[in-house]
Amino acid sequence: DVLEAEMRRLEKVTLDDYTVKKRTVGIGVMTAQEAVQLGAAGPTLRGSGVAQDVRQTEYEAFAELGFTPVSVLDGDCWARTKVRFLEVLQSMEIVRQAISHLPETEINAKVKGNPTGEVISRVEQPRGECLYYVKANGTKFLERVRIRTPTFANIPPLLHMVKGIQLADVPVVALSIDPCISCTER
């Protein structure tokens, strides 16, 4: 596959580059224990060696595909970048496998009525776990919707990682969590 070959080339060019290594290796370090205690999500968590991913617990299909979360032990900016490259490559393989398991029928689920009650759902997004809370009241309007995005979860770990580092390293550490500014603007 052309896309996979290009991704592997970019991974090698990026992660083996002298300047990239100088700016990311040993910078913004967070241990596995700190990542868990601070509530890190996604590649920020897995870059500290914690192989935790919603897909391994919430979705049976991923178990059928032999899914195992990617993790890198170093806990620095380089490790978080490496996790992202590995996850893109892993996603390509998951898509290949999933396509081969799709049924040859139409898939269409229609919403019926106006339900009541509450539901919480967790979804693994590229930046990490996104949590949705919805409360329905039986009308066509939802009573309450709350979303906790992965960037929001990664702010406390980010604040921890920038303590005591050089000012020039702050943008590198901030970008290593792949922040979505609109996800945190509340």
# chains A, B, ... in the order shown; residues from 1 in each chain; ligands from 1
$ residues_around --residues "region 29-46 of chain A" --least-positions-apart "2" --cutoff "6 Å" --atoms "only C-alpha atoms" --output "VMD selection string"
chain A and resid 27 48 to 51 71 75 to 76 80 83 127 to 129 150 153 to 154 157 177
$ write_last_selection --atoms "C-alpha atoms" --output "mmCIF file, in the first residue's frame"
data_model
loop_
_atom_site.group_PDB
_atom_site.id
_atom_site.type_symbol
_atom_site.label_atom_id
_atom_site.label_comp_id
_atom_site.auth_asym_id
_atom_site.auth_seq_id
_atom_site.Cartn_x
_atom_site.Cartn_y
_atom_site.Cartn_z
ATOM 1 C CA ILE A 27 11.573 16.546 27.269
ATOM 2 C CA SER A 48 4.080 6.884 29.286
ATOM 3 C CA GLY A 49 3.827 3.119 28.897
ATOM 4 C CA VAL A 50 0.200 2.627 29.976
ATOM 5 C CA ALA A 51 -1.435 0.341 27.395
ATOM 6 C CA SER A 71 2.392 1.995 24.128
ATOM 7 C CA GLY A 75 7.080 9.085 28.721
ATOM 8 C CA ASP A 76 8.599 12.010 26.797
ATOM 9 C CA ARG A 80 4.078 10.430 22.431
ATOM 10 C CA VAL A 83 2.738 6.302 19.690
ATOM 11 C CA ARG A 127 -6.434 12.204 20.911
ATOM 12 C CA GLY A 128 -7.779 9.741 23.487
ATOM 13 C CA GLU A 129 -10.930 8.859 25.377
ATOM 14 C CA PRO A 150 -9.339 14.043 25.512
ATOM 15 C CA ALA A 153 -8.396 15.373 30.211
ATOM 16 C CA ASN A 154 -4.796 16.050 29.138
ATOM 17 C CA PRO A 157 -0.834 16.200 32.709
ATOM 18 C CA ILE A 177 -0.473 16.202 23.603
#
$ residues_around --residues "region 3-20 of chain A" --least-positions-apart "6" --cutoff "12 Å" --atoms "only C-alpha atoms" --output "ChimeraX atom specification"
/A:26-27,77-93,96,172
$ write_last_selection --atoms "C-alpha atoms" --output "compact mmCIF listing (two decimals), in the first residue's frame"
# COMPACT_ATOMS: atom_id res chain seq x y z
CA GLY A 26 13.83 13.48 27.59
CA ILE A 27 11.57 16.55 27.27
CA CYS A 77 7.59 14.05 23.74
CA TRP A 78 9.38 11.59 21.45
CA ALA A 79 7.41 8.65 22.92
CA ARG A 80 4.08 10.43 22.43
CA THR A 81 5.02 11.15 18.82
CA LYS A 82 6.08 7.52 18.29
CA VAL A 83 2.74 6.30 19.69
CA ARG A 84 0.88 8.45 17.16
CA PHE A 85 2.86 7.05 14.23
CA LEU A 86 2.35 3.48 15.45
CA GLU A 87 -1.37 4.08 15.95
CA VAL A 88 -1.81 5.34 12.38
CA LEU A 89 -0.12 2.19 11.09
CA GLN A 90 -2.22 0.06 13.44
CA SER A 91 -5.40 1.80 12.24
CA MET A 92 -4.57 0.89 8.66
CA GLU A 93 -4.34 -2.77 9.65
CA ARG A 96 -8.11 -3.88 6.41
CA VAL A 172 7.09 21.21 22.10
$ residues_around --residues "region 139-146 of chain A" --least-positions-apart "3" --cutoff "9 Å" --atoms "only C-alpha atoms" --output "short mmCIF file (atom, residue, chain, number, x, y, z; two decimals) with N, CA and C atoms, in the first residue's frame"
data_model
loop_
_atom_site.label_atom_id
_atom_site.label_comp_id
_atom_site.auth_asym_id
_atom_site.auth_seq_id
_atom_site.Cartn_x
_atom_site.Cartn_y
_atom_site.Cartn_z
N GLY A 113 -39.04 6.95 18.11
CA GLY A 113 -39.59 7.64 19.26
C GLY A 113 -38.64 8.62 19.91
N ASN A 114 -39.06 9.08 21.08
CA ASN A 114 -38.27 10.01 21.88
C ASN A 114 -38.00 9.36 23.23
N PRO A 115 -36.84 8.76 23.39
CA PRO A 115 -36.55 8.01 24.61
C PRO A 115 -36.39 8.91 25.84
N THR A 116 -36.49 8.28 27.01
CA THR A 116 -36.20 8.95 28.27
C THR A 116 -35.06 8.19 28.94
N LEU A 131 -15.69 11.17 26.50
CA LEU A 131 -16.81 10.68 27.29
C LEU A 131 -18.04 11.53 26.99
N TYR A 132 -19.14 10.86 26.68
CA TYR A 132 -20.40 11.54 26.39
C TYR A 132 -21.43 11.18 27.46
N TYR A 133 -22.13 12.18 27.95
CA TYR A 133 -23.25 11.97 28.87
C TYR A 133 -24.47 12.64 28.24
N VAL A 134 -25.56 11.89 28.12
CA VAL A 134 -26.79 12.43 27.53
C VAL A 134 -27.96 12.07 28.43
N LYS A 135 -28.83 13.06 28.69
CA LYS A 135 -30.05 12.83 29.45
C LYS A 135 -31.23 13.24 28.56
N ALA A 136 -32.11 12.27 28.30
CA ALA A 136 -33.28 12.51 27.46
C ALA A 136 -34.53 12.56 28.33
#
$ atom_distance --atom1 "CA of Pro103 (chain A)" --atom2 "CA of Ala63 (chain A)"
17.7 Å
$ select_by_dssp --residues "region 25-121 of chain A" --states "helix (DSSP H, G or I)" --output "ChimeraX atom specification"
/A:32-37,43-46,55-58,60-64,77-101
$ atom_distance --atom1 "CA of Thr184 (chain A)" --atom2 "CA of Ser121 (chain A)"
19.2 Å
$ atom_distance --atom1 "CA of Val70 (chain A)" --atom2 "CA of Ile165 (chain A)"
27.1 Å
$ select_by_dssp --residues "chain A" --states "strand (DSSP E or B)" --output "JSON, numbers by chain"
{"A": [116, 117, 118, 119, 120, 121, 122, 123, 124, 125, 128, 129, 130, 131, 132, 133, 134, 135, 136, 137, 142, 143, 144, 145, 146, 147, 148]}
$ closest_residue --among "A:Asp1, A:Ala168, A:Phe67, A:Thr151" --to "Ala98 (chain A)" --atoms "only C-alpha atoms"
A:Phe67
